[in-house]
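As stored in upload.cif (mmCIF, C-alpha atoms and all ligand atoms):
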```
data_input
#
loop_
_atom_site.group_PDB
_atom_site.id
_atom_site.type_symbol
_atom_site.label_atom_id
_atom_site.label_comp_id
_atom_site.auth_asym_id
_atom_site.auth_seq_id
_atom_site.Cartn_x
_atom_site.Cartn_y
_atom_site.Cartn_z
ATOM 1 C CA MET A 264 0.000 0.000 0.000
ATOM 2 C CA GLU A 265 1.280 3.474 -0.861
ATOM 3 C CA GLU A 266 2.391 5.549 2.096
ATOM 4 C CA TYR A 267 -0.320 8.234 1.743
ATOM 5 C CA LEU A 268 -3.043 5.565 1.801
ATOM 6 C CA ALA A 269 -1.703 3.990 4.981
ATOM 7 C CA ILE A 270 -1.352 7.381 6.685
ATOM 8 C CA ASN A 271 -4.858 8.505 5.737
ATOM 9 C CA ARG A 272 -6.409 5.140 6.580
ATOM 10 C CA THR A 273 -4.973 5.282 10.106
ATOM 11 C CA SER A 274 -6.509 8.710 10.630
ATOM 12 C CA TRP A 275 -9.944 7.660 9.290
ATOM 13 C CA ASP A 276 -9.917 4.402 11.252
ATOM 14 C CA GLU A 277 -9.421 6.357 14.444
ATOM 15 C CA ARG A 278 -12.110 8.922 13.634
ATOM 16 C CA ALA A 279 -14.869 6.606 12.352
ATOM 17 C CA PRO A 280 -16.251 5.475 15.759
ATOM 18 C CA ALA A 281 -16.251 9.081 17.024
ATOM 19 C CA HIS A 282 -18.084 10.204 13.893
ATOM 20 C CA ALA A 283 -20.677 7.455 14.290
ATOM 21 C CA ALA A 284 -21.253 8.562 17.907
ATOM 22 C CA SER A 285 -21.462 12.281 17.067
ATOM 23 C CA PRO A 286 -24.702 14.277 16.945
ATOM 24 C CA GLY A 287 -23.746 15.507 13.453
ATOM 25 C CA TYR A 288 -24.059 12.083 11.820
ATOM 26 C CA ALA A 289 -27.349 11.359 13.664
ATOM 27 C CA VAL A 290 -26.931 7.595 13.326
ATOM 28 C CA ALA A 291 -29.708 6.801 15.839
ATOM 29 C CA ARG A 292 -32.232 8.641 13.666
ATOM 30 C CA PHE A 293 -31.914 5.890 11.036
ATOM 31 C CA ALA A 294 -33.304 3.404 13.556
ATOM 32 C CA GLU A 295 -35.997 5.733 14.920
ATOM 33 C CA ASP A 296 -37.424 6.956 11.629
ATOM 34 C CA PRO A 297 -37.671 4.649 8.594
ATOM 35 C CA GLU A 298 -37.870 7.703 6.316
ATOM 36 C CA PHE A 299 -34.843 9.495 7.766
ATOM 37 C CA LEU A 300 -32.156 10.498 5.237
ATOM 38 C CA SER A 301 -28.714 12.010 5.787
ATOM 39 C CA ASP A 302 -28.610 15.794 5.474
ATOM 40 C CA VAL A 303 -26.302 15.493 2.459
ATOM 41 C CA VAL A 304 -28.676 13.299 0.472
ATOM 42 C CA ARG A 305 -31.730 15.294 1.598
ATOM 43 C CA PHE A 306 -30.076 18.551 0.434
ATOM 44 C CA ASP A 307 -29.741 17.238 -3.108
ATOM 45 C CA LEU A 308 -33.188 15.629 -3.420
ATOM 46 C CA PRO A 309 -34.368 18.386 -5.813
ATOM 47 C CA ARG A 310 -31.493 17.461 -8.161
ATOM 48 C CA LEU A 311 -30.981 13.740 -7.604
ATOM 49 C CA GLY A 312 -33.851 12.384 -9.689
ATOM 50 C CA ASP A 313 -35.345 8.924 -9.342
ATOM 51 C CA VAL A 314 -32.836 6.339 -8.155
ATOM 52 C CA ARG A 315 -35.311 3.500 -7.628
ATOM 53 C CA GLY A 316 -33.994 0.224 -8.998
ATOM 54 C CA LEU A 317 -30.603 1.658 -9.943
ATOM 55 C CA ARG A 318 -27.491 -0.281 -9.115
ATOM 56 C CA GLY A 319 -25.333 2.292 -7.312
ATOM 57 C CA VAL A 320 -21.862 2.516 -5.825
ATOM 58 C CA HIS A 321 -20.855 5.108 -3.246
ATOM 59 C CA LEU A 322 -17.118 5.782 -3.453
ATOM 60 C CA GLN A 323 -15.448 6.704 -0.137
ATOM 61 C CA CYS A 324 -18.661 5.941 1.717
ATOM 62 C CA HIS A 325 -17.172 6.434 5.206
ATOM 63 C CA ILE A 326 -19.736 5.353 7.857
ATOM 64 C CA GLY A 327 -22.405 4.774 5.237
ATOM 65 C CA THR A 328 -25.037 7.356 6.158
ATOM 66 C CA ASP A 329 -25.334 8.646 2.574
ATOM 67 C CA THR A 330 -25.092 5.101 1.176
ATOM 68 C CA VAL A 331 -27.966 3.913 3.383
ATOM 69 C CA SER A 332 -29.980 7.024 2.468
ATOM 70 C CA LEU A 333 -29.652 6.210 -1.234
ATOM 71 C CA ALA A 334 -30.729 2.633 -0.470
ATOM 72 C CA ARG A 335 -33.781 4.042 1.313
ATOM 73 C CA LEU A 336 -34.605 5.945 -1.861
ATOM 74 C CA GLY A 337 -34.676 2.633 -3.717
ATOM 75 C CA ALA A 338 -31.177 2.181 -5.163
ATOM 76 C CA ARG A 339 -29.336 -1.140 -4.733
ATOM 77 C CA MET A 340 -26.197 0.228 -3.106
ATOM 78 C CA THR A 341 -22.614 -0.834 -2.639
ATOM 79 C CA GLY A 342 -20.358 1.325 -0.456
ATOM 80 C CA LEU A 343 -16.583 1.312 -0.959
ATOM 81 C CA ASP A 344 -14.010 2.710 1.437
ATOM 82 C CA LEU A 345 -10.376 2.325 2.379
ATOM 83 C CA SER A 346 -10.983 2.290 6.137
ATOM 84 C CA PRO A 347 -12.091 -0.957 7.804
ATOM 85 C CA ALA A 348 -13.248 0.904 10.928
ATOM 86 C CA SER A 349 -15.447 3.158 8.773
ATOM 87 C CA LEU A 350 -16.933 0.095 7.083
ATOM 88 C CA ALA A 351 -17.621 -1.576 10.441
ATOM 89 C CA GLU A 352 -19.646 1.510 11.423
ATOM 90 C CA ALA A 353 -21.305 1.582 7.994
ATOM 91 C CA ARG A 354 -22.460 -2.042 8.375
ATOM 92 C CA ARG A 355 -23.898 -1.156 11.778
ATOM 93 C CA VAL A 356 -25.721 1.889 10.339
ATOM 94 C CA ALA A 357 -27.208 -0.272 7.574
ATOM 95 C CA GLU A 358 -28.361 -2.848 10.115
ATOM 96 C CA LEU A 359 -29.924 -0.164 12.314
ATOM 97 C CA ALA A 360 -31.661 1.261 9.276
ATOM 98 C CA GLY A 361 -32.806 -2.146 8.041
ATOM 99 C CA ALA A 362 -31.094 -1.444 4.722
ATOM 100 C CA ASP A 363 -29.547 -4.116 2.524
ATOM 101 C CA VAL A 364 -26.211 -2.595 1.434
ATOM 102 C CA ASP A 365 -22.908 -4.252 0.455
ATOM 103 C CA PHE A 366 -19.785 -2.657 1.868
ATOM 104 C CA VAL A 367 -16.407 -3.318 0.283
ATOM 105 C CA GLU A 368 -12.932 -2.431 1.549
ATOM 106 C CA ALA A 369 -10.739 -1.009 -1.201
ATOM 107 C CA GLU A 370 -8.994 2.138 -2.273
ATOM 108 C CA THR A 371 -10.830 4.182 -4.903
ATOM 109 C CA TYR A 372 -8.273 3.576 -7.641
ATOM 110 C CA ALA A 373 -8.808 -0.200 -7.209
ATOM 111 C CA ALA A 374 -12.614 0.055 -7.432
ATOM 112 C CA VAL A 375 -12.875 -1.372 -10.961
ATOM 113 C CA ASP A 376 -10.618 -4.330 -10.110
ATOM 114 C CA VAL A 377 -12.765 -5.105 -7.093
ATOM 115 C CA LEU A 378 -16.270 -4.305 -8.396
ATOM 116 C CA GLY A 379 -15.943 -4.907 -12.135
ATOM 117 C CA ARG A 380 -16.319 -2.754 -15.239
ATOM 118 C CA GLU A 381 -19.620 -1.126 -16.253
ATOM 119 C CA GLN A 382 -21.613 -2.644 -13.391
ATOM 120 C CA PHE A 383 -23.306 0.533 -12.095
ATOM 121 C CA ASP A 384 -26.091 2.902 -13.158
ATOM 122 C CA LEU A 385 -25.059 5.418 -10.496
ATOM 123 C CA VAL A 386 -21.721 6.428 -9.023
ATOM 124 C CA PHE A 387 -22.224 8.654 -5.977
ATOM 125 C CA THR A 388 -19.476 10.484 -4.136
ATOM 126 C CA GLY A 389 -19.246 13.498 -1.954
ATOM 127 C CA VAL A 390 -18.355 15.900 0.784
ATOM 128 C CA GLY A 391 -14.717 15.507 1.588
ATOM 129 C CA ALA A 392 -13.921 12.612 -0.738
ATOM 130 C CA ILE A 393 -11.852 13.604 -3.782
ATOM 131 C CA CYS A 394 -9.416 15.689 -1.701
ATOM 132 C CA TRP A 395 -7.889 12.374 -0.512
ATOM 133 C CA LEU A 396 -6.961 11.364 -4.071
ATOM 134 C CA PRO A 397 -3.755 12.642 -5.679
ATOM 135 C CA ASP A 398 -4.808 12.457 -9.343
ATOM 136 C CA ILE A 399 -8.266 13.598 -10.451
ATOM 137 C CA GLY A 400 -7.721 12.181 -13.960
ATOM 138 C CA ARG A 401 -7.262 8.691 -12.548
ATOM 139 C CA TRP A 402 -10.409 9.124 -10.434
ATOM 140 C CA ALA A 403 -12.448 10.219 -13.464
ATOM 141 C CA GLN A 404 -11.282 7.121 -15.338
ATOM 142 C CA VAL A 405 -12.428 4.912 -12.450
ATOM 143 C CA VAL A 406 -15.838 6.624 -12.452
ATOM 144 C CA ALA A 407 -16.205 6.216 -16.224
ATOM 145 C CA ASP A 408 -15.171 2.551 -16.060
ATOM 146 C CA LEU A 409 -17.599 1.749 -13.223
ATOM 147 C CA LEU A 410 -20.579 3.217 -15.099
ATOM 148 C CA ARG A 411 -22.720 1.341 -17.559
ATOM 149 C CA PRO A 412 -23.514 3.230 -20.766
ATOM 150 C CA GLY A 413 -26.396 5.542 -19.815
ATOM 151 C CA GLY A 414 -25.319 5.596 -16.157
ATOM 152 C CA ARG A 415 -24.362 8.724 -14.261
ATOM 153 C CA LEU A 416 -22.021 10.210 -11.709
ATOM 154 C CA PHE A 417 -23.745 12.321 -9.041
ATOM 155 C CA MET A 418 -21.537 14.186 -6.606
ATOM 156 C CA ARG A 419 -21.612 16.930 -3.985
ATOM 157 C CA GLU A 420 -18.308 18.331 -2.825
ATOM 158 C CA GLY A 421 -16.699 21.119 -0.916
ATOM 159 C CA HIS A 422 -15.671 23.773 -3.454
ATOM 160 C CA PRO A 423 -11.955 23.928 -4.330
ATOM 161 C CA VAL A 424 -12.011 27.660 -3.544
ATOM 162 C CA LEU A 425 -13.182 26.797 -0.024
ATOM 163 C CA TRP A 426 -10.417 24.191 0.342
ATOM 164 C CA ALA A 427 -7.873 26.868 -0.627
ATOM 165 C CA LEU A 428 -8.863 29.237 2.219
ATOM 166 C CA ALA A 429 -6.606 29.988 5.181
ATOM 167 C CA ASP A 430 -7.909 29.041 8.622
ATOM 168 C CA ALA A 431 -10.292 31.444 10.384
ATOM 169 C CA ARG A 432 -8.574 34.767 11.104
ATOM 170 C CA PRO A 433 -9.362 37.222 13.913
ATOM 171 C CA ASP A 434 -10.037 39.998 11.337
ATOM 172 C CA GLY A 435 -12.644 37.803 9.610
ATOM 173 C CA LEU A 436 -10.981 38.172 6.196
ATOM 174 C CA LEU A 437 -11.152 35.199 3.836
ATOM 175 C CA VAL A 438 -7.655 34.672 2.506
ATOM 176 C CA LEU A 439 -6.550 32.248 -0.204
ATOM 177 C CA GLU A 440 -3.552 30.449 1.265
ATOM 178 C CA TYR A 441 -3.448 26.911 -0.120
ATOM 179 C CA PRO A 442 -3.316 25.661 -3.724
ATOM 180 C CA TYR A 443 -6.498 25.773 -5.785
ATOM 181 C CA PHE A 444 -5.021 23.668 -8.592
ATOM 182 C CA GLU A 445 -3.907 20.053 -8.321
ATOM 183 C CA HIS A 446 -0.245 19.590 -7.359
ATOM 184 C CA GLU A 447 1.798 16.424 -7.408
ATOM 185 C CA ASP A 448 2.973 16.939 -3.838
ATOM 186 C CA ALA A 449 0.445 16.342 -1.095
ATOM 187 C CA GLN A 450 -0.546 18.950 1.420
ATOM 188 C CA VAL A 451 0.490 17.368 4.692
ATOM 189 C CA TRP A 452 -1.638 18.261 7.706
ATOM 190 C CA ASP A 453 -1.249 17.576 11.396
ATOM 191 C CA GLU A 454 -4.623 18.322 12.939
ATOM 192 C CA PRO A 455 -5.864 16.864 16.211
ATOM 193 C CA GLY A 456 -9.571 17.448 15.630
ATOM 194 C CA THR A 457 -12.248 16.473 13.168
ATOM 195 C CA TYR A 458 -15.220 18.099 11.454
ATOM 196 C CA VAL A 459 -17.922 16.971 13.880
ATOM 197 C CA GLU A 460 -18.523 17.595 17.575
ATOM 198 C CA THR A 461 -16.669 15.052 19.713
ATOM 199 C CA ASP A 462 -14.825 14.800 23.038
ATOM 200 C CA VAL A 463 -12.498 12.094 21.744
ATOM 201 C CA ALA A 464 -8.800 13.006 21.806
ATOM 202 C CA PHE A 465 -7.195 11.604 18.653
ATOM 203 C CA VAL A 466 -3.569 10.515 18.375
ATOM 204 C CA HIS A 467 -3.244 9.767 14.637
ATOM 205 C CA ASN A 468 -3.475 13.256 13.216
ATOM 206 C CA THR A 469 -1.355 13.309 10.059
ATOM 207 C CA THR A 470 -3.148 13.287 6.710
ATOM 208 C CA HIS A 471 -2.179 13.836 3.076
ATOM 209 C CA SER A 472 -4.595 15.635 0.753
ATOM 210 C CA TRP A 473 -4.791 17.332 -2.628
ATOM 211 C CA ASN A 474 -7.010 20.079 -4.015
ATOM 212 C CA HIS A 475 -8.453 19.819 -7.543
ATOM 213 C CA GLY A 476 -9.726 22.866 -9.416
ATOM 214 C CA LEU A 477 -13.275 22.805 -10.709
ATOM 215 C CA GLY A 478 -12.016 23.057 -14.288
ATOM 216 C CA GLU A 479 -9.648 20.148 -13.668
ATOM 217 C CA ILE A 480 -12.510 18.010 -12.345
ATOM 218 C CA VAL A 481 -14.823 18.788 -15.270
ATOM 219 C CA THR A 482 -12.031 18.397 -17.833
ATOM 220 C CA ALA A 483 -11.057 15.008 -16.360
ATOM 221 C CA LEU A 484 -14.646 13.763 -16.635
ATOM 222 C CA LEU A 485 -15.001 15.040 -20.224
ATOM 223 C CA ALA A 486 -11.632 13.492 -21.167
ATOM 224 C CA ASN A 487 -12.968 10.137 -19.970
ATOM 225 C CA GLY A 488 -16.006 10.364 -22.213
ATOM 226 C CA LEU A 489 -18.645 11.609 -19.750
ATOM 227 C CA GLU A 490 -21.094 14.402 -20.579
ATOM 228 C CA LEU A 491 -21.672 17.108 -17.997
ATOM 229 C CA THR A 492 -25.401 17.497 -17.335
ATOM 230 C CA MET A 493 -25.404 19.541 -14.107
ATOM 231 C CA LEU A 494 -23.047 21.853 -12.254
ATOM 232 C CA VAL A 495 -24.626 23.911 -9.474
ATOM 233 C CA GLU A 496 -22.492 25.970 -7.079
ATOM 234 C CA HIS A 497 -23.988 26.442 -3.607
ATOM 235 C CA ASP A 498 -23.617 29.143 -0.956
ATOM 236 C CA SER A 499 -23.572 26.564 1.827
ATOM 237 C CA VAL A 500 -21.598 23.507 2.816
ATOM 238 C CA PRO A 501 -22.519 20.643 5.160
ATOM 239 C CA TRP A 502 -19.826 21.228 7.809
ATOM 240 C CA GLU A 503 -18.427 24.224 9.664
ATOM 241 C CA ALA A 504 -15.584 24.876 7.242
ATOM 242 C CA LEU A 505 -14.162 27.895 9.112
ATOM 243 C CA GLU A 506 -14.765 27.684 12.824
ATOM 244 C CA GLY A 507 -16.603 30.623 14.357
ATOM 245 C CA GLN A 508 -17.276 32.327 11.013
ATOM 246 C CA MET A 509 -20.310 30.412 9.809
ATOM 247 C CA ASP A 510 -24.032 30.383 10.587
ATOM 248 C CA LYS A 511 -25.683 27.026 11.078
ATOM 249 C CA LEU A 512 -28.682 26.738 8.778
ATOM 250 C CA GLU A 513 -31.623 24.364 8.730
ATOM 251 C CA GLY A 514 -30.818 20.924 7.378
ATOM 252 C CA GLY A 515 -27.227 20.689 8.637
ATOM 253 C CA GLU A 516 -25.745 23.272 6.244
ATOM 254 C CA PHE A 517 -23.343 26.101 7.146
ATOM 255 C CA ARG A 518 -22.840 29.469 5.437
ATOM 256 C CA PHE A 519 -20.359 32.300 6.022
ATOM 257 C CA ALA A 520 -22.062 34.836 8.294
ATOM 258 C CA ASP A 521 -20.378 37.793 6.576
ATOM 259 C CA ARG A 522 -21.091 38.336 2.860
ATOM 260 C CA PRO A 523 -21.464 34.670 1.917
ATOM 261 C CA ASP A 524 -21.881 35.588 -1.739
ATOM 262 C CA ARG A 525 -18.129 36.256 -1.952
ATOM 263 C CA LEU A 526 -17.403 32.644 -2.742
ATOM 264 C CA PRO A 527 -18.938 29.298 -3.698
ATOM 265 C CA HIS A 528 -19.018 26.984 -0.694
ATOM 266 C CA SER A 529 -19.824 23.651 -2.387
ATOM 267 C CA TYR A 530 -21.180 22.246 -5.633
ATOM 268 C CA THR A 531 -23.334 19.463 -7.038
ATOM 269 C CA LEU A 532 -22.217 17.889 -10.295
ATOM 270 C CA GLN A 533 -23.774 15.272 -12.533
ATOM 271 C CA ALA A 534 -22.138 13.653 -15.557
ATOM 272 C CA VAL A 535 -23.566 10.931 -17.765
ATOM 273 C CA LYS A 536 -21.815 8.136 -19.634
ATOM 274 C CA PRO A 537 -23.235 8.238 -23.158
ATOM 275 C CA GLY A 538 -24.779 5.179 -24.679
ATOM 276 C CA ARG A 539 -27.877 3.132 -24.406
ATOM 277 C CA GLY A 540 -28.587 1.696 -21.024
ATOM 278 C CA LYS A 541 -31.256 1.780 -18.440
ATOM 279 C CA PRO A 542 -32.325 5.442 -18.149
ATOM 280 C CA SER A 543 -31.067 6.716 -14.801
ATOM 281 C CA ALA A 544 -31.874 10.416 -14.623
HETATM 282 C C1 LIG B 601 -14.727 12.795 4.803
HETATM 283 S S1 LIG B 601 -15.003 11.065 4.646
HETATM 284 C C2 LIG B 601 -16.268 11.068 3.481
HETATM 285 C C3 LIG B 601 -17.374 11.629 4.165
HETATM 286 C C4 LIG B 601 -18.676 11.157 3.644
HETATM 287 N N1 LIG B 601 -19.065 11.980 2.536
HETATM 288 C C5 LIG B 601 -19.582 11.268 4.812
HETATM 289 O O1 LIG B 601 -19.914 12.395 5.224
HETATM 290 O O2 LIG B 601 -19.894 10.270 5.402
HETATM 291 C C6 LIG B 601 -13.694 10.485 3.634
HETATM 292 C C7 LIG B 601 -13.681 8.980 3.463
HETATM 293 O O3 LIG B 601 -12.804 8.684 2.381
HETATM 294 C C8 LIG B 601 -12.115 7.493 2.682
HETATM 295 N N2 LIG B 601 -10.911 7.479 1.871
HETATM 296 C C9 LIG B 601 -9.868 8.335 1.920
HETATM 297 N N3 LIG B 601 -8.994 8.043 0.937
HETATM 298 C C10 LIG B 601 -9.495 6.985 0.261
HETATM 299 C C11 LIG B 601 -9.054 6.241 -0.863
HETATM 300 N N4 LIG B 601 -7.932 6.535 -1.487
HETATM 301 N N5 LIG B 601 -9.828 5.215 -1.279
HETATM 302 C C12 LIG B 601 -10.990 4.897 -0.638
HETATM 303 N N6 LIG B 601 -11.452 5.576 0.434
HETATM 304 C C13 LIG B 601 -10.712 6.615 0.876
HETATM 305 C C14 LIG B 601 -11.846 7.572 4.172
HETATM 306 O O4 LIG B 601 -11.586 6.314 4.721
HETATM 307 C C15 LIG B 601 -13.140 8.209 4.681
HETATM 308 O O5 LIG B 601 -14.044 7.227 5.089
#
```
Have the structure of the file written as structure tokens, please.
Ligand SMILES: C[S@@+](CC[C@H](N)C(=O)[O-])C[C@H]1O[C@@H](n2cnc3c(N)ncnc32)[C@H](O)[C@@H]1O
Amino acid sequence: MEEYLAINRTSWDERAPAHAASPGYAVARFAEDPEFLSDVVRFDLPRLGDVRGLRGVHLQCHIGTDTVSLARLGARMTGLDLSPASLAEARRVAELAGADVDFVEAETYAAVDVLGREQFDLVFTGVGAICWLPDIGRWAQVVADLLRPGGRLFMREGHPVLWALADARPDGLLVLEYPYFEHEDAQVWDEPGTYVETDVAFVHNTTHSWNHGLGEIVTALLANGLELTMLVEHDSVPWEALEGQMDKLEGGEFRFADRPDRLPHSYTLQAVKPGRGKPSA
């Protein structure tokens, strides 16, 4: 296993149980309410379309809350993730929810080897996923290879402009500090916390990540034969990206309190693999 994968996996393995226990992920709600959906999936319902009967794969599914939500909407879901501890939580979430979901341990670039070529009508990914992958072109090829002709990629992500921002500053200014474009070298972080409320003190805090510009993402998908059918930039994001500077909105979203229209916070993208297949959008 490459070094960056091992380093990131250790960090995610340690954080997964704390995430599953956090109020933010609301795992218990899946047991209490058979109609409950994750905030991320609920946010995109106006754009998602009918997923009933689709064979779907959720790349980097983490603890499976979005995967299970898509299953509740009628898709036959497989979740894939690098982190065994995340998948253990995901299996528990699916059981609590009474959802029949397959979870598979693999790194994203190995997804086609593990799951097969052109097996899926829907590839779903989102919210803090592609930043863990060094090469967006390689990711786009995996997505294209997983999809059946006529199938689609549906993703929600933090915006690369947001990822490029410096940490919260006392003067409240938003400053671009980190790369917007993809670089070969990883950004190496040493951060003790996580993005949800927790009292757990973590010890494995090093991660390696990469930003990818919006143009790079779209170009990579087009270069792998997909057609872009939706790109919506949002003025909210589903985690508190800059501590102390964001308002919490209904539905688990956060928005900069001061002049939020200065920058896109997140985006939803859909791209379709041309060809005749089961209609999926
Ligand atoms: C921020 S979480 C995704 C969050 C997810 N959208 C959610 O809110 O539940 C990132 C996930 O990506 C997984 N991951 C990171 N790098 C990966 C890789 N190269 N291949 C597969 N999974 C990876 C981690 O194990 C982690 O579960």
When the PyMOL selection byres (((not hetatm)) within 8 of (chain B and resi 601)) is applied to the file above, which residues end up in the set, as an MDAnalysis selection string? chainID A and resid 268 271:272 275:276 279 288 303 322:329 343:347 349:350 368:372 388:393 395:396
Test item: residues at most 12 Å from A:Met418, all atoms listed in the file, excluding those fewer than 4 positions along its chain, as a ChimeraX atom specification: /A:303-304,306-307,310-311,320-323,329,385-393,406,422,480-481,491-496,529-535
Chain and number of each residue from the PyMOL selection byres (((chain A and resi 512) around 12) and not hetatm), as a ChimeraX atom specification: /A:302,306,498-503,509-511,513-520
Selection file, C-alpha atoms, as a short mmCIF file (atom, residue, chain, number, x, y, z; two decimals), in the frame of the given file:
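Resulting contents of out22.cif:
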```cif
data_model
loop_
_atom_site.label_atom_id
_atom_site.label_comp_id
_atom_site.auth_asym_id
_atom_site.auth_seq_id
_atom_site.Cartn_x
_atom_site.Cartn_y
_atom_site.Cartn_z
CA ASP A 302 -28.61 15.79 5.47
CA PHE A 306 -30.08 18.55 0.43
CA ASP A 498 -23.62 29.14 -0.96
CA SER A 499 -23.57 26.56 1.83
CA VAL A 500 -21.60 23.51 2.82
CA PRO A 501 -22.52 20.64 5.16
CA TRP A 502 -19.83 21.23 7.81
CA GLU A 503 -18.43 24.22 9.66
CA MET A 509 -20.31 30.41 9.81
CA ASP A 510 -24.03 30.38 10.59
CA LYS A 511 -25.68 27.03 11.08
CA GLU A 513 -31.62 24.36 8.73
CA GLY A 514 -30.82 20.92 7.38
CA GLY A 515 -27.23 20.69 8.64
CA GLU A 516 -25.74 23.27 6.24
CA PHE A 517 -23.34 26.10 7.15
CA ARG A 518 -22.84 29.47 5.44
CA PHE A 519 -20.36 32.30 6.02
CA ALA A 520 -22.06 34.84 8.29
#
```
If we count only C-alpha atoms and set the cut-off at 10 Å, which residues sit around A:Ala403, ignoring sequence neighbours fewer than 3 positions away in its own chain? Please answer as a PDB file with C-alpha atoms, in the coordinates of the input.
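Produced file part_31.pdb, reproduced below:
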```pdb
ATOM      1  CA  TYR A 372      -8.273   3.576  -7.641  1.00  0.00           C
ATOM      2  CA  ASP A 398      -4.808  12.457  -9.343  1.00  0.00           C
ATOM      3  CA  ILE A 399      -8.266  13.598 -10.451  1.00  0.00           C
ATOM      4  CA  GLY A 400      -7.721  12.181 -13.960  1.00  0.00           C
ATOM      5  CA  VAL A 406     -15.838   6.624 -12.452  1.00  0.00           C
ATOM      6  CA  ALA A 407     -16.205   6.216 -16.224  1.00  0.00           C
ATOM      7  CA  ASP A 408     -15.171   2.551 -16.060  1.00  0.00           C
ATOM      8  CA  LEU A 409     -17.599   1.749 -13.223  1.00  0.00           C
ATOM      9  CA  LEU A 416     -22.021  10.210 -11.709  1.00  0.00           C
ATOM     10  CA  ILE A 480     -12.510  18.010 -12.345  1.00  0.00           C
ATOM     11  CA  VAL A 481     -14.823  18.788 -15.270  1.00  0.00           C
ATOM     12  CA  THR A 482     -12.031  18.397 -17.833  1.00  0.00           C
ATOM     13  CA  ALA A 483     -11.057  15.008 -16.360  1.00  0.00           C
ATOM     14  CA  LEU A 484     -14.646  13.763 -16.635  1.00  0.00           C
ATOM     15  CA  LEU A 485     -15.001  15.040 -20.224  1.00  0.00           C
ATOM     16  CA  ALA A 486     -11.632  13.492 -21.167  1.00  0.00           C
ATOM     17  CA  ASN A 487     -12.968  10.137 -19.970  1.00  0.00           C
ATOM     18  CA  GLY A 488     -16.006  10.364 -22.213  1.00  0.00           C
ATOM     19  CA  LEU A 489     -18.645  11.609 -19.750  1.00  0.00           C
TER      20      LEU A 489
END
```
So what do you get for atom CA of A:Asp524 versus atom CA of A:Ala449, distance-wise?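 Straight-line distance from atom CA of A:Asp524 to atom CA of A:Ala449 works out to 29.5 Å.
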Taking the file above as input, evaluate the PyMOL selection byres (((chain A and resi 436) around 12) and not hetatm) and report the hits as a list in words.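 Those residues are Leu428, Ala429, Asp430, Ala431, Arg432, Pro433, Asp434, Gly435, Leu437, Val438, Leu439, Glu440, Leu505, Gln508, Phe519, Ala520, Asp521, Arg522, Pro523 and Arg525 of chain A.
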Which residue out of A:Arg354, A:Arg278, A:His475, A:Arg401 has the minimum interatomic distance to A:Val375 when all atoms listed in the file are used? A:Arg401
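Taking atom CA of A:Gly312 and atom CA of A:Asp384 as the two end points, the separation is 12.7 Å.
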